[in-house]
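Engineer: Here you go, my_file_4.cif (mmCIF, C-alpha atoms and all ligand atoms):
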```
data_target
#
loop_
_atom_site.group_PDB
_atom_site.id
_atom_site.type_symbol
_atom_site.label_atom_id
_atom_site.label_comp_id
_atom_site.auth_asym_id
_atom_site.auth_seq_id
_atom_site.Cartn_x
_atom_site.Cartn_y
_atom_site.Cartn_z
ATOM 1 C CA MET A 1 -65.164 -58.155 -31.498
ATOM 2 C CA LYS A 2 -65.707 -54.451 -32.180
ATOM 3 C CA ARG A 3 -69.033 -53.726 -33.826
ATOM 4 C CA ILE A 4 -68.626 -51.407 -36.800
ATOM 5 C CA ILE A 5 -71.167 -48.909 -38.143
ATOM 6 C CA ASP A 6 -71.508 -46.430 -41.012
ATOM 7 C CA LEU A 7 -73.727 -43.390 -40.460
ATOM 8 C CA HIS A 8 -73.507 -41.769 -43.906
ATOM 9 C CA THR A 9 -74.635 -43.632 -47.032
ATOM 10 C CA HIS A 10 -76.507 -42.885 -50.260
ATOM 11 C CA THR A 11 -78.804 -45.195 -52.224
ATOM 12 C CA THR A 12 -80.547 -44.950 -55.593
ATOM 13 C CA ALA A 13 -83.140 -42.819 -53.775
ATOM 14 C CA SER A 14 -80.611 -40.016 -54.334
ATOM 15 C CA ASP A 15 -77.298 -40.350 -56.149
ATOM 16 C CA GLY A 16 -75.981 -43.691 -54.939
ATOM 17 C CA SER A 17 -75.779 -46.646 -57.325
ATOM 18 C CA SER A 18 -77.012 -49.359 -54.935
ATOM 19 C CA SER A 19 -80.681 -49.817 -54.152
ATOM 20 C CA PRO A 20 -81.510 -49.633 -50.444
ATOM 21 C CA GLU A 21 -81.769 -53.421 -50.296
ATOM 22 C CA GLU A 22 -78.462 -53.939 -52.147
ATOM 23 C CA LEU A 23 -76.741 -51.478 -49.847
ATOM 24 C CA VAL A 24 -77.987 -53.241 -46.722
ATOM 25 C CA ARG A 25 -77.054 -56.643 -48.119
ATOM 26 C CA LEU A 26 -73.555 -55.340 -48.849
ATOM 27 C CA ALA A 27 -73.271 -53.882 -45.343
ATOM 28 C CA SER A 28 -74.328 -57.227 -43.907
ATOM 29 C CA SER A 29 -71.820 -59.139 -46.027
ATOM 30 C CA LEU A 30 -69.061 -56.866 -44.727
ATOM 31 C CA GLY A 31 -70.142 -57.505 -41.156
ATOM 32 C CA LEU A 32 -71.499 -54.041 -40.293
ATOM 33 C CA SER A 33 -73.793 -53.811 -37.272
ATOM 34 C CA ALA A 34 -75.648 -50.616 -38.161
ATOM 35 C CA VAL A 35 -76.040 -48.347 -41.169
ATOM 36 C CA ALA A 36 -77.744 -44.975 -41.511
ATOM 37 C CA ILE A 37 -79.429 -44.206 -44.826
ATOM 38 C CA THR A 38 -78.791 -40.506 -45.476
ATOM 39 C CA ASP A 39 -79.973 -39.718 -48.982
ATOM 40 C CA HIS A 40 -79.828 -36.112 -50.199
ATOM 41 C CA ASP A 41 -83.041 -34.198 -49.491
ATOM 42 C CA ASN A 42 -85.285 -37.264 -49.491
ATOM 43 C CA VAL A 43 -86.403 -40.238 -47.424
ATOM 44 C CA SER A 44 -87.853 -42.507 -50.099
ATOM 45 C CA GLY A 45 -85.236 -45.243 -49.651
ATOM 46 C CA ILE A 46 -85.711 -45.726 -45.928
ATOM 47 C CA GLU A 47 -88.702 -48.070 -45.883
ATOM 48 C CA GLU A 48 -86.997 -50.589 -48.194
ATOM 49 C CA ALA A 49 -83.782 -50.329 -46.184
ATOM 50 C CA MET A 50 -85.647 -51.017 -42.931
ATOM 51 C CA GLN A 51 -87.152 -54.179 -44.382
ATOM 52 C CA ALA A 52 -83.778 -55.266 -45.727
ATOM 53 C CA GLY A 53 -82.294 -54.547 -42.304
ATOM 54 C CA ASP A 54 -84.658 -57.101 -40.758
ATOM 55 C CA LYS A 55 -83.861 -59.572 -43.509
ATOM 56 C CA TYR A 56 -80.066 -59.264 -43.319
ATOM 57 C CA GLY A 57 -79.635 -58.511 -39.627
ATOM 58 C CA VAL A 58 -78.364 -54.934 -39.915
ATOM 59 C CA GLU A 59 -79.701 -52.155 -37.691
ATOM 60 C CA ILE A 60 -80.962 -49.313 -39.881
ATOM 61 C CA VAL A 61 -80.928 -45.711 -38.703
ATOM 62 C CA PRO A 62 -83.393 -43.618 -40.728
ATOM 63 C CA GLY A 63 -81.685 -40.442 -41.840
ATOM 64 C CA ILE A 64 -81.330 -37.664 -44.362
ATOM 65 C CA GLU A 65 -78.675 -35.234 -45.630
ATOM 66 C CA ILE A 66 -80.112 -31.793 -46.316
ATOM 67 C CA SER A 67 -78.232 -29.159 -48.360
ATOM 68 C CA VAL A 68 -78.400 -25.820 -46.622
ATOM 69 C CA ASP A 69 -77.394 -22.283 -47.584
ATOM 70 C CA PHE A 70 -74.273 -21.202 -45.763
ATOM 71 C CA ASN A 71 -72.449 -17.924 -46.421
ATOM 72 C CA SER A 72 -71.782 -18.028 -50.131
ATOM 73 C CA GLY A 73 -71.773 -21.830 -50.276
ATOM 74 C CA THR A 74 -73.505 -24.933 -49.006
ATOM 75 C CA MET A 75 -73.557 -26.819 -45.748
ATOM 76 C CA HIS A 76 -74.781 -30.378 -45.420
ATOM 77 C CA MET A 77 -76.927 -31.185 -42.399
ATOM 78 C CA LEU A 78 -77.487 -34.802 -41.441
ATOM 79 C CA GLY A 79 -80.651 -35.748 -39.578
ATOM 80 C CA TYR A 80 -80.821 -39.074 -37.720
ATOM 81 C CA TYR A 81 -83.968 -40.789 -36.455
ATOM 82 C CA ILE A 82 -86.244 -38.387 -38.255
ATOM 83 C CA ASP A 83 -89.864 -39.490 -38.509
ATOM 84 C CA TYR A 84 -89.691 -40.225 -42.222
ATOM 85 C CA ARG A 85 -93.472 -40.499 -42.517
ATOM 86 C CA ASP A 86 -94.151 -37.096 -40.968
ATOM 87 C CA SER A 87 -96.389 -35.060 -43.275
ATOM 88 C CA THR A 88 -94.685 -31.727 -42.528
ATOM 89 C CA LEU A 89 -91.304 -33.250 -43.356
ATOM 90 C CA LEU A 90 -92.617 -34.734 -46.611
ATOM 91 C CA GLU A 91 -94.202 -31.430 -47.552
ATOM 92 C CA LYS A 92 -90.961 -29.507 -47.000
ATOM 93 C CA LEU A 93 -88.990 -32.112 -48.916
ATOM 94 C CA ALA A 94 -91.448 -31.779 -51.808
ATOM 95 C CA PHE A 95 -90.411 -28.122 -52.029
ATOM 96 C CA LEU A 96 -86.756 -29.191 -52.328
ATOM 97 C CA GLN A 97 -87.704 -31.698 -55.043
ATOM 98 C CA SER A 98 -89.396 -29.023 -57.057
ATOM 99 C CA GLU A 99 -86.422 -26.657 -56.681
ATOM 100 C CA ARG A 100 -84.147 -29.476 -57.796
ATOM 101 C CA ASP A 101 -86.298 -30.186 -60.822
ATOM 102 C CA THR A 102 -86.206 -26.548 -61.921
ATOM 103 C CA ARG A 103 -82.445 -26.436 -61.342
ATOM 104 C CA ASN A 104 -81.918 -29.604 -63.383
ATOM 105 C CA THR A 105 -83.829 -28.133 -66.329
ATOM 106 C CA ARG A 106 -81.503 -25.142 -66.208
ATOM 107 C CA ILE A 107 -78.427 -27.373 -66.163
ATOM 108 C CA VAL A 108 -79.707 -29.174 -69.270
ATOM 109 C CA LYS A 109 -80.234 -25.831 -70.997
ATOM 110 C CA LYS A 110 -76.743 -24.620 -70.079
ATOM 111 C CA LEU A 111 -75.105 -27.824 -71.272
ATOM 112 C CA ASN A 112 -77.003 -27.566 -74.539
ATOM 113 C CA GLU A 113 -75.877 -23.968 -74.966
ATOM 114 C CA LEU A 114 -72.322 -25.143 -74.390
ATOM 115 C CA GLY A 115 -72.779 -27.477 -77.348
ATOM 116 C CA MET A 116 -73.376 -30.721 -75.458
ATOM 117 C CA LYS A 117 -76.483 -32.420 -76.724
ATOM 118 C CA ILE A 118 -78.261 -34.034 -73.812
ATOM 119 C CA THR A 119 -81.894 -34.218 -72.763
ATOM 120 C CA TYR A 120 -83.400 -34.233 -69.285
ATOM 121 C CA ASP A 121 -85.090 -37.535 -70.139
ATOM 122 C CA GLU A 122 -81.710 -39.155 -70.775
ATOM 123 C CA VAL A 123 -80.480 -38.043 -67.377
ATOM 124 C CA LYS A 124 -83.706 -39.155 -65.711
ATOM 125 C CA SER A 125 -83.397 -42.564 -67.306
ATOM 126 C CA ILE A 126 -80.281 -43.398 -65.286
ATOM 127 C CA ALA A 127 -81.739 -42.127 -62.010
ATOM 128 C CA ASP A 128 -84.197 -43.934 -59.827
ATOM 129 C CA GLY A 129 -86.335 -40.913 -59.083
ATOM 130 C CA GLN A 130 -84.313 -38.000 -57.774
ATOM 131 C CA VAL A 131 -81.828 -36.572 -60.284
ATOM 132 C CA GLY A 132 -78.561 -35.091 -59.004
ATOM 133 C CA ARG A 133 -75.455 -33.662 -60.600
ATOM 134 C CA PRO A 134 -73.671 -37.029 -60.388
ATOM 135 C CA HIS A 135 -76.227 -38.347 -62.891
ATOM 136 C CA PHE A 136 -75.364 -35.473 -65.234
ATOM 137 C CA ALA A 137 -71.690 -36.319 -64.774
ATOM 138 C CA GLN A 138 -72.357 -39.925 -65.768
ATOM 139 C CA ILE A 139 -74.227 -38.919 -68.909
ATOM 140 C CA LEU A 140 -71.491 -36.455 -69.920
ATOM 141 C CA GLN A 141 -68.957 -39.223 -69.502
ATOM 142 C CA ARG A 142 -71.044 -41.776 -71.355
ATOM 143 C CA LYS A 143 -71.437 -39.381 -74.284
ATOM 144 C CA GLY A 144 -67.726 -38.665 -74.385
ATOM 145 C CA PHE A 145 -67.945 -34.980 -73.466
ATOM 146 C CA VAL A 146 -65.646 -35.631 -70.499
ATOM 147 C CA LYS A 147 -63.241 -38.446 -69.762
ATOM 148 C CA ASP A 148 -64.321 -39.020 -66.191
ATOM 149 C CA PHE A 149 -66.661 -38.047 -63.372
ATOM 150 C CA ASN A 150 -64.350 -35.471 -61.800
ATOM 151 C CA GLU A 151 -63.718 -33.710 -65.095
ATOM 152 C CA ALA A 152 -67.490 -33.245 -65.436
ATOM 153 C CA PHE A 153 -67.536 -31.330 -62.138
ATOM 154 C CA ASP A 154 -64.243 -29.513 -62.685
ATOM 155 C CA ARG A 155 -65.208 -28.211 -66.108
ATOM 156 C CA PHE A 156 -68.996 -27.890 -66.086
ATOM 157 C CA LEU A 157 -71.075 -28.934 -63.066
ATOM 158 C CA GLY A 158 -69.155 -27.706 -60.040
ATOM 159 C CA LYS A 159 -70.038 -24.476 -58.307
ATOM 160 C CA GLY A 160 -68.987 -21.482 -60.389
ATOM 161 C CA LYS A 161 -68.540 -23.586 -63.556
ATOM 162 C CA PRO A 162 -70.468 -22.780 -66.736
ATOM 163 C CA ALA A 163 -73.253 -25.363 -66.364
ATOM 164 C CA TYR A 164 -73.773 -24.794 -62.645
ATOM 165 C CA ALA A 165 -77.223 -23.609 -61.583
ATOM 166 C CA GLU A 166 -78.464 -22.677 -58.128
ATOM 167 C CA LYS A 167 -81.478 -24.154 -56.406
ATOM 168 C CA GLY A 168 -83.562 -22.937 -53.489
ATOM 169 C CA ARG A 169 -82.445 -24.385 -50.147
ATOM 170 C CA PHE A 170 -83.298 -24.057 -46.484
ATOM 171 C CA ASN A 171 -81.242 -21.909 -44.186
ATOM 172 C CA THR A 172 -79.412 -23.541 -41.269
ATOM 173 C CA GLU A 173 -82.076 -22.589 -38.743
ATOM 174 C CA ASP A 174 -84.923 -24.054 -40.784
ATOM 175 C CA ALA A 175 -83.055 -27.280 -41.567
ATOM 176 C CA ILE A 176 -82.061 -27.865 -37.939
ATOM 177 C CA GLY A 177 -85.605 -26.956 -36.827
ATOM 178 C CA LEU A 178 -87.158 -29.335 -39.336
ATOM 179 C CA ILE A 179 -84.972 -32.212 -38.158
ATOM 180 C CA LEU A 180 -85.666 -31.473 -34.477
ATOM 181 C CA ASN A 181 -89.403 -31.076 -35.048
ATOM 182 C CA THR A 182 -89.626 -34.487 -36.677
ATOM 183 C CA GLY A 183 -87.874 -36.139 -33.745
ATOM 184 C CA GLY A 184 -84.451 -36.181 -35.367
ATOM 185 C CA ILE A 185 -80.902 -35.465 -34.283
ATOM 186 C CA PRO A 186 -79.167 -32.769 -36.370
ATOM 187 C CA VAL A 187 -75.495 -33.443 -37.091
ATOM 188 C CA LEU A 188 -73.143 -31.269 -39.139
ATOM 189 C CA ALA A 189 -71.807 -33.308 -42.086
ATOM 190 C CA HIS A 190 -68.127 -33.221 -43.157
ATOM 191 C CA PRO A 191 -67.195 -29.816 -41.619
ATOM 192 C CA PRO A 192 -64.011 -29.403 -43.740
ATOM 193 C CA TYR A 193 -66.317 -28.725 -46.691
ATOM 194 C CA LEU A 194 -67.284 -25.481 -44.997
ATOM 195 C CA TYR A 195 -63.753 -24.411 -45.947
ATOM 196 C CA ILE A 196 -63.072 -22.742 -42.603
ATOM 197 C CA SER A 197 -59.415 -23.496 -42.016
ATOM 198 C CA ASP A 198 -58.970 -21.604 -38.753
ATOM 199 C CA TYR A 199 -59.749 -23.717 -35.661
ATOM 200 C CA MET A 200 -61.314 -20.911 -33.607
ATOM 201 C CA ASN A 201 -63.495 -19.768 -36.506
ATOM 202 C CA LEU A 202 -64.683 -23.311 -37.120
ATOM 203 C CA LYS A 203 -65.481 -23.747 -33.437
ATOM 204 C CA LYS A 204 -67.348 -20.450 -33.402
ATOM 205 C CA THR A 205 -69.418 -21.451 -36.430
ATOM 206 C CA ILE A 206 -70.258 -24.828 -34.909
ATOM 207 C CA SER A 207 -71.079 -23.184 -31.593
ATOM 208 C CA GLY A 208 -73.542 -20.943 -33.438
ATOM 209 C CA LEU A 209 -75.148 -24.033 -34.965
ATOM 210 C CA LYS A 210 -75.379 -25.587 -31.516
ATOM 211 C CA SER A 211 -77.369 -22.609 -30.316
ATOM 212 C CA LEU A 212 -79.837 -23.415 -33.123
ATOM 213 C CA GLY A 213 -80.108 -27.013 -31.899
ATOM 214 C CA LEU A 214 -77.201 -28.874 -33.523
ATOM 215 C CA MET A 215 -76.453 -32.047 -31.561
ATOM 216 C CA GLY A 216 -73.427 -33.599 -33.217
ATOM 217 C CA ILE A 217 -70.479 -33.385 -35.580
ATOM 218 C CA GLU A 218 -69.546 -35.874 -38.289
ATOM 219 C CA THR A 219 -66.003 -36.335 -37.080
ATOM 220 C CA TYR A 220 -64.925 -39.512 -38.853
ATOM 221 C CA TYR A 221 -65.328 -39.258 -42.636
ATOM 222 C CA SER A 222 -63.642 -40.793 -45.679
ATOM 223 C CA THR A 223 -61.788 -37.676 -46.789
ATOM 224 C CA HIS A 224 -60.918 -36.138 -43.418
ATOM 225 C CA THR A 225 -57.221 -35.876 -42.644
ATOM 226 C CA GLN A 226 -55.981 -37.060 -39.275
ATOM 227 C CA LYS A 227 -55.505 -33.462 -38.199
ATOM 228 C CA GLN A 228 -59.046 -32.514 -39.224
ATOM 229 C CA THR A 229 -60.425 -35.472 -37.292
ATOM 230 C CA GLU A 230 -58.379 -34.563 -34.206
ATOM 231 C CA ASN A 231 -59.666 -30.989 -34.322
ATOM 232 C CA LEU A 232 -63.252 -32.180 -34.670
ATOM 233 C CA VAL A 233 -62.901 -34.570 -31.727
ATOM 234 C CA LYS A 234 -61.646 -31.624 -29.700
ATOM 235 C CA ILE A 235 -64.458 -29.300 -30.784
ATOM 236 C CA SER A 236 -67.059 -32.019 -30.112
ATOM 237 C CA ASN A 237 -65.736 -32.474 -26.594
ATOM 238 C CA GLU A 238 -65.385 -28.771 -25.872
ATOM 239 C CA LEU A 239 -68.924 -28.036 -27.084
ATOM 240 C CA ASP A 240 -70.433 -31.243 -25.676
ATOM 241 C CA LEU A 241 -71.635 -32.452 -29.076
ATOM 242 C CA LEU A 242 -72.032 -36.040 -30.256
ATOM 243 C CA ILE A 243 -69.262 -37.526 -32.351
ATOM 244 C CA THR A 244 -70.501 -39.423 -35.389
ATOM 245 C CA GLY A 245 -68.937 -40.830 -38.525
ATOM 246 C CA GLY A 246 -69.663 -42.282 -41.899
ATOM 247 C CA SER A 247 -68.123 -43.046 -45.261
ATOM 248 C CA ASP A 248 -70.495 -41.162 -47.623
ATOM 249 C CA PHE A 249 -70.810 -44.359 -49.612
ATOM 250 C CA HIS A 250 -72.257 -43.773 -53.125
ATOM 251 C CA GLY A 251 -71.494 -47.151 -54.748
ATOM 252 C CA GLU A 252 -70.097 -47.081 -58.289
ATOM 253 C CA ILE A 253 -70.379 -43.303 -58.459
ATOM 254 C CA LYS A 254 -67.520 -42.968 -55.971
ATOM 255 C CA PRO A 255 -65.895 -46.384 -56.256
ATOM 256 C CA GLU A 256 -62.981 -45.498 -53.994
ATOM 257 C CA ILE A 257 -65.322 -45.263 -50.989
ATOM 258 C CA VAL A 258 -66.207 -48.581 -49.362
ATOM 259 C CA ILE A 259 -69.173 -48.802 -47.019
ATOM 260 C CA GLY A 260 -67.987 -49.045 -43.409
ATOM 261 C CA SER A 261 -64.267 -48.787 -44.118
ATOM 262 C CA GLY A 262 -64.014 -45.598 -46.206
ATOM 263 C CA ILE A 263 -61.029 -44.979 -48.472
ATOM 264 C CA ASP A 264 -58.179 -47.491 -48.100
ATOM 265 C CA ASN A 265 -59.609 -48.671 -44.786
ATOM 266 C CA ASN A 266 -59.344 -45.268 -43.119
ATOM 267 C CA LEU A 267 -62.589 -45.680 -41.130
ATOM 268 C CA ASN A 268 -63.375 -47.949 -38.221
ATOM 269 C CA ILE A 269 -66.390 -46.438 -36.465
ATOM 270 C CA GLY A 270 -67.558 -48.278 -33.375
ATOM 271 C CA TYR A 271 -71.137 -48.922 -32.318
ATOM 272 C CA THR A 272 -70.560 -46.911 -29.109
ATOM 273 C CA PHE A 273 -71.017 -43.675 -31.090
ATOM 274 C CA LEU A 274 -74.502 -44.826 -32.047
ATOM 275 C CA GLU A 275 -75.194 -45.861 -28.462
ATOM 276 C CA ARG A 276 -74.388 -42.346 -27.280
ATOM 277 C CA MET A 277 -76.661 -40.914 -29.937
ATOM 278 C CA LYS A 278 -79.484 -43.144 -28.786
ATOM 279 C CA GLU A 279 -78.928 -42.098 -25.170
ATOM 280 C CA LYS A 280 -79.076 -38.449 -26.140
ATOM 281 C CA ARG A 281 -82.206 -39.126 -28.158
ATOM 282 C CA SER A 282 -83.974 -40.849 -25.304
ATOM 283 C CA CYS A 283 -83.374 -37.971 -22.890
ATOM 284 C CA ARG A 284 -84.775 -35.330 -25.206
HETATM 285 P P1 LIG B 1 -76.759 -32.141 -56.239
HETATM 286 O O1 LIG B 1 -77.412 -32.480 -54.923
HETATM 287 O O2 LIG B 1 -77.554 -32.607 -57.386
HETATM 288 O O3 LIG B 1 -76.374 -30.706 -56.334
HETATM 289 O O4 LIG B 1 -75.407 -33.007 -56.289
HETATM 290 C C1 LIG B 1 -74.519 -32.967 -55.204
HETATM 291 C C2 LIG B 1 -73.600 -34.158 -55.251
HETATM 292 O O5 LIG B 1 -72.704 -34.005 -56.345
HETATM 293 C C3 LIG B 1 -72.705 -34.267 -54.022
HETATM 294 O O6 LIG B 1 -73.273 -35.020 -53.008
HETATM 295 C C4 LIG B 1 -71.505 -34.978 -54.562
HETATM 296 O O7 LIG B 1 -71.782 -36.375 -54.604
HETATM 297 C C5 LIG B 1 -71.411 -34.485 -55.991
HETATM 298 N N1 LIG B 1 -70.466 -33.362 -56.126
HETATM 299 C C6 LIG B 1 -70.692 -32.060 -55.862
HETATM 300 N N2 LIG B 1 -69.612 -31.290 -56.157
HETATM 301 C C7 LIG B 1 -68.672 -32.135 -56.615
HETATM 302 C C8 LIG B 1 -67.326 -31.979 -57.090
HETATM 303 N N3 LIG B 1 -66.752 -30.772 -57.172
HETATM 304 N N4 LIG B 1 -66.663 -33.094 -57.482
HETATM 305 C C9 LIG B 1 -67.247 -34.314 -57.428
HETATM 306 N N5 LIG B 1 -68.500 -34.534 -56.987
HETATM 307 C C10 LIG B 1 -69.213 -33.471 -56.594
HETATM 308 ZN ZN ZN B 2 -74.228 -37.452 -53.184
HETATM 309 FE FE FE B 3 -72.522 -34.207 -48.197
HETATM 310 FE FE FE B 4 -73.429 -37.501 -48.475
#
```
Output the structure of this file as structure tokens.
Ligand code: AMP
Ligand code: ZN
Ligand code: FE
Ligand code: FE
Structural biologist:
Amino acid sequence: MKRIIDLHTHTTASDGSSSPEELVRLASSLGLSAVAITDHDNVSGIEEAMQAGDKYGVEIVPGIEISVDFNSGTMHMLGYYIDYRDSTLLEKLAFLQSERDTRNTRIVKKLNELGMKITYDEVKSIADGQVGRPHFAQILQRKGFVKDFNEAFDRFLGKGKPAYAEKGRFNTEDAIGLILNTGGIPVLAHPPYLYISDYMNLKKTISGLKSLGLMGIETYYSTHTQKQTENLVKISNELDLLITGGSDFHGEIKPEIVIGSGIDNNLNIGYTFLERMKEKRSCR
């Protein structure tokens, strides 16, 4: 029987709704062989997930998803097998936490100025540590300022909307370097969100990232179209990059995404992709 994996998941350590242990238990109940924990900008859920992995018989890949400045937008860089106890890594992540905290305070202020009464403490109370925009979206919904999660982003929290605030991020070089220096494998997350529609331009961008140390492309992903996936398989092969895949599971926050199987069963990622990653890791 084919062994199925999911290399992109979020826990309560960032903006997922399942604790690391709950997530691993769910993965086990669905028969997954391996799961990577890739919380945004932090590694605080990994230890618990590792222990749960032993308990429930699921292989856990320690990971992270770092937001990076890219042109006028953001790129997400996944890092697999990072040394999540490394002091340099933790120090750099502390900088991102502090930027996030400042940014969140500004979002609260903007929402208040827009006439929506919310406090930072209220938002913090539904998070398990790190506060992200999805937590703001939930509070706005709970208080009746929006009817659903997407409306919160479309009207207020999304980039360019009135309650959006920037935060300091790494550049691509620093993020890739940080992942490499802590023993990790840098992989470009969901490339369609770079909004580069032209194949040659996308390949050129990814090739530039490879020269900085990029080792793989997240090719299989819940919202990729078949055509996007085909193009990414082609680019991965042409540039000799690893092919990876994951659902971007967030639990209740994005209920349409199921761990391992994506949206309406559109994912079916085999363990061989993880095997290739491990081979590449061992010959570094
Ligand atoms: P943050 O790291 O706090 O800026 O929050 C980023 C997270 O917000 C992403 O990982 C998504 O889960 C969510 N998000 C960002 N933009 C949107 C959007 N336009 N619609 C829905 N969710 C979004
Ligand atoms: Zn998220
Ligand atoms: Fe992402
Ligand atoms: Fe993600």
Engineer: Show me which residues line ligand FE 4 (chain B), defined as having an atom within 10 Å of a ligand atom where only C-alpha atoms and all ligand atoms count, and present them as a list of chain:residue names.
Structural biologist: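 Going residue by residue within 10 Å of ligand FE 4 (chain B), we get A:Leu7, A:His8, A:Thr9, A:His10, A:Ser14, A:Asp15, A:Gly16, A:Ile37, A:Thr38, A:Asp39, A:His40, A:Ile64, A:Glu65, A:Ile66, A:Ser67, A:His76, A:Met77, A:Leu78, A:Ala189, A:His190, A:Gly246, A:Ser247, A:Asp248, A:Phe249, A:His250.
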Engineer: Can you give me, as a ChimeraX atom specification, the residues this file yields under the PyMOL selection byres (((not hetatm)) within 6 of (chain B and resi 1))?
Structural biologist: /A:132-134,150,153,158
Engineer: When distances are computed from all atoms listed in the file, which of A:Ala13, A:Leu241, A:Val187, A:Leu30 shows the smallest separation from ligand ZN 2 (chain B)?
Structural biologist: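 Once distances to ligand ZN 2 (chain B) are computed over all atoms listed in the file, the minimum belongs to A:Ala13.
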Engineer: Might you spell out which residues the PyMOL selection byres (((chain A and resi 52) around 10) and not hetatm) would select in the displayed file, as a list in words?
Structural biologist: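 Taken over the shown coordinates, the PyMOL selection byres (((chain A and resi 52) around 10) and not hetatm) returns Pro20, Glu21, Glu22, Leu23, Val24, Arg25, Ser28, Ile46, Glu47, Glu48, Ala49, Met50, Gln51, Gly53, Asp54, Lys55, Tyr56, Gly57, Val58, Glu59 and Ile60 of chain A.
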Engineer: Find, counting all atoms listed in the file, the residue in A:Ile5, A:Tyr120, A:Asn71, A:Ile206 that gets nearest to Leu239 in chain A.
Structural biologist: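 Comparing A:Ile5, A:Tyr120, A:Asn71, A:Ile206 against Leu239 in chain A, the winner is A:Ile206.
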Engineer: At a cut-off of 8 Å around the point (-57.0, -40.3, -46.6) (file coordinates), what residues fall inside when counting all atoms listed in the file? I'd like the answer as a list in words.
Structural biologist: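 Every polymer residue passing the test: Ser222, Thr223, His224, Thr225, Ile263, Asp264 and Asn266 of chain A.
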Engineer: Could you state the separation of CA of Gly270 in chain A and CA of Lys2 in chain A in Å, given to one decimal place?
Structural biologist: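 Going from CA of Gly270 in chain A over to CA of Lys2 in chain A covers 6.6 Å.
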Engineer: Here is a test: counting only C-alpha atoms, which residue of A:Val68, A:Leu194, A:Ile259, A:Leu26 is nearest to Arg169 in chain A?
Structural biologist: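 Once distances to Arg169 in chain A are computed over only C-alpha atoms, the minimum belongs to A:Val68.
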Engineer: Any chance you could work out the residue set of the PyMOL selection byres (((chain A and resi 137) around 8) and not hetatm) here, as a ChimeraX atom specification?
Structural biologist: /A:133-136,138-141,148-150,152-153,157
Engineer: Of the candidates A:Gly31, A:Pro191, A:Pro186, A:Gly213, which shows the shortest atom-to-atom distance to ligand FE 3 (chain B), using only C-alpha atoms and all ligand atoms?
Structural biologist: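 Going through A:Gly31, A:Pro191, A:Pro186, A:Gly213 one by one, the smallest distance to ligand FE 3 (chain B) is for A:Pro191.
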Engineer: Hey, can you check how far CA of Gly184 in chain A sits from CA of Ile243 in chain A?
Structural biologist: 15.5 Å
Engineer: Which one of A:Thr219, A:Ser17, A:Thr11, A:Thr74 sits closest to Val35 in chain A if you count all atoms listed in the file?
Structural biologist: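 Looking only at the distances to Val35 in chain A, the closest residue turns out to be A:Thr11.
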Engineer: Find, counting all atoms listed in the file, the residue in A:Pro255, A:Gly208, A:Gly79, A:Pro62 that gets nearest to ligand FE 3 (chain B).
Structural biologist: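 Ranking A:Pro255, A:Gly208, A:Gly79, A:Pro62 by distance to ligand FE 3 (chain B), first place goes to A:Gly79.
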Engineer: Between CA of Ile235 in chain A and CA of Thr205 in chain A, what distance in Å does the model show, to one decimal?
Structural biologist: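 Computing it gives 10.9 Å between the two atoms.
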Engineer: May I have the residues within 12 Å of Gly115 in chain A as a VMD selection string, using all atoms listed in the file and disregarding those fewer than 3 positions away in the same chain?
Structural biologist: chain A and resid 108 to 112 118 140 145 156 162 to 163
Engineer: Residues at most 12 Å from Leu212 in chain A, counting all atoms listed in the file, excluding those fewer than 2 positions away in the same chain, as a list in words?
Structural biologist: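 These residues fall inside the cut-off: Asn171, Thr172, Glu173, Asp174, Ala175, Ile176, Gly177, Leu178, Ile179, Leu180, Pro186, Val187, Leu188, Thr205, Ile206, Ser207, Gly208, Leu209, Lys210, Leu214 and Met215 of chain A.
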Engineer: Please provide the set of residues having any atom within 7 Å of Tyr220 in chain A, restricted to only C-alpha atoms, with same-chain residues fewer than 6 positions apart removed, written as a list in words.
Structural biologist: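 Listed by chain and then number, they are Thr229, Thr244, Gly245, Gly246 and Leu267 of chain A.
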Engineer: Render range 183-190 of chain A from the structure in the preceding block as a file of N, CA and C atoms, as a PDB file, in the first residue's frame.
Structural biologist:
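Saved to part.pdb:
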```
ATOM      1  N   GLY A 183      21.276  23.292   9.261  1.00  0.00           N
ATOM      2  CA  GLY A 183      21.174  21.901   8.803  1.00  0.00           C
ATOM      3  C   GLY A 183      19.935  21.585   7.996  1.00  0.00           C
ATOM      4  N   GLY A 184      19.175  22.623   7.628  1.00  0.00           N
ATOM      5  CA  GLY A 184      17.885  22.386   6.988  1.00  0.00           C
ATOM      6  C   GLY A 184      17.927  22.388   5.465  1.00  0.00           C
ATOM      7  N   ILE A 185      16.801  22.013   4.898  1.00  0.00           N
ATOM      8  CA  ILE A 185      16.623  21.955   3.452  1.00  0.00           C
ATOM      9  C   ILE A 185      15.605  23.021   3.043  1.00  0.00           C
ATOM     10  N   PRO A 186      16.052  24.081   2.340  1.00  0.00           N
ATOM     11  CA  PRO A 186      15.118  25.138   1.954  1.00  0.00           C
ATOM     12  C   PRO A 186      14.279  24.749   0.733  1.00  0.00           C
ATOM     13  N   VAL A 187      12.986  24.931   0.864  1.00  0.00           N
ATOM     14  CA  VAL A 187      12.042  24.569  -0.207  1.00  0.00           C
ATOM     15  C   VAL A 187      11.079  25.737  -0.422  1.00  0.00           C
ATOM     16  N   LEU A 188      10.903  26.140  -1.656  1.00  0.00           N
ATOM     17  CA  LEU A 188       9.975  27.231  -1.966  1.00  0.00           C
ATOM     18  C   LEU A 188       8.535  26.757  -1.794  1.00  0.00           C
ATOM     19  N   ALA A 189       7.778  27.436  -0.921  1.00  0.00           N
ATOM     20  CA  ALA A 189       6.375  27.064  -0.686  1.00  0.00           C
ATOM     21  C   ALA A 189       5.486  27.617  -1.800  1.00  0.00           C
ATOM     22  N   HIS A 190       4.414  26.883  -2.097  1.00  0.00           N
ATOM     23  CA  HIS A 190       3.341  27.316  -3.017  1.00  0.00           C
ATOM     24  C   HIS A 190       3.726  28.422  -4.009  1.00  0.00           C
TER      25      HIS A 190
END
```
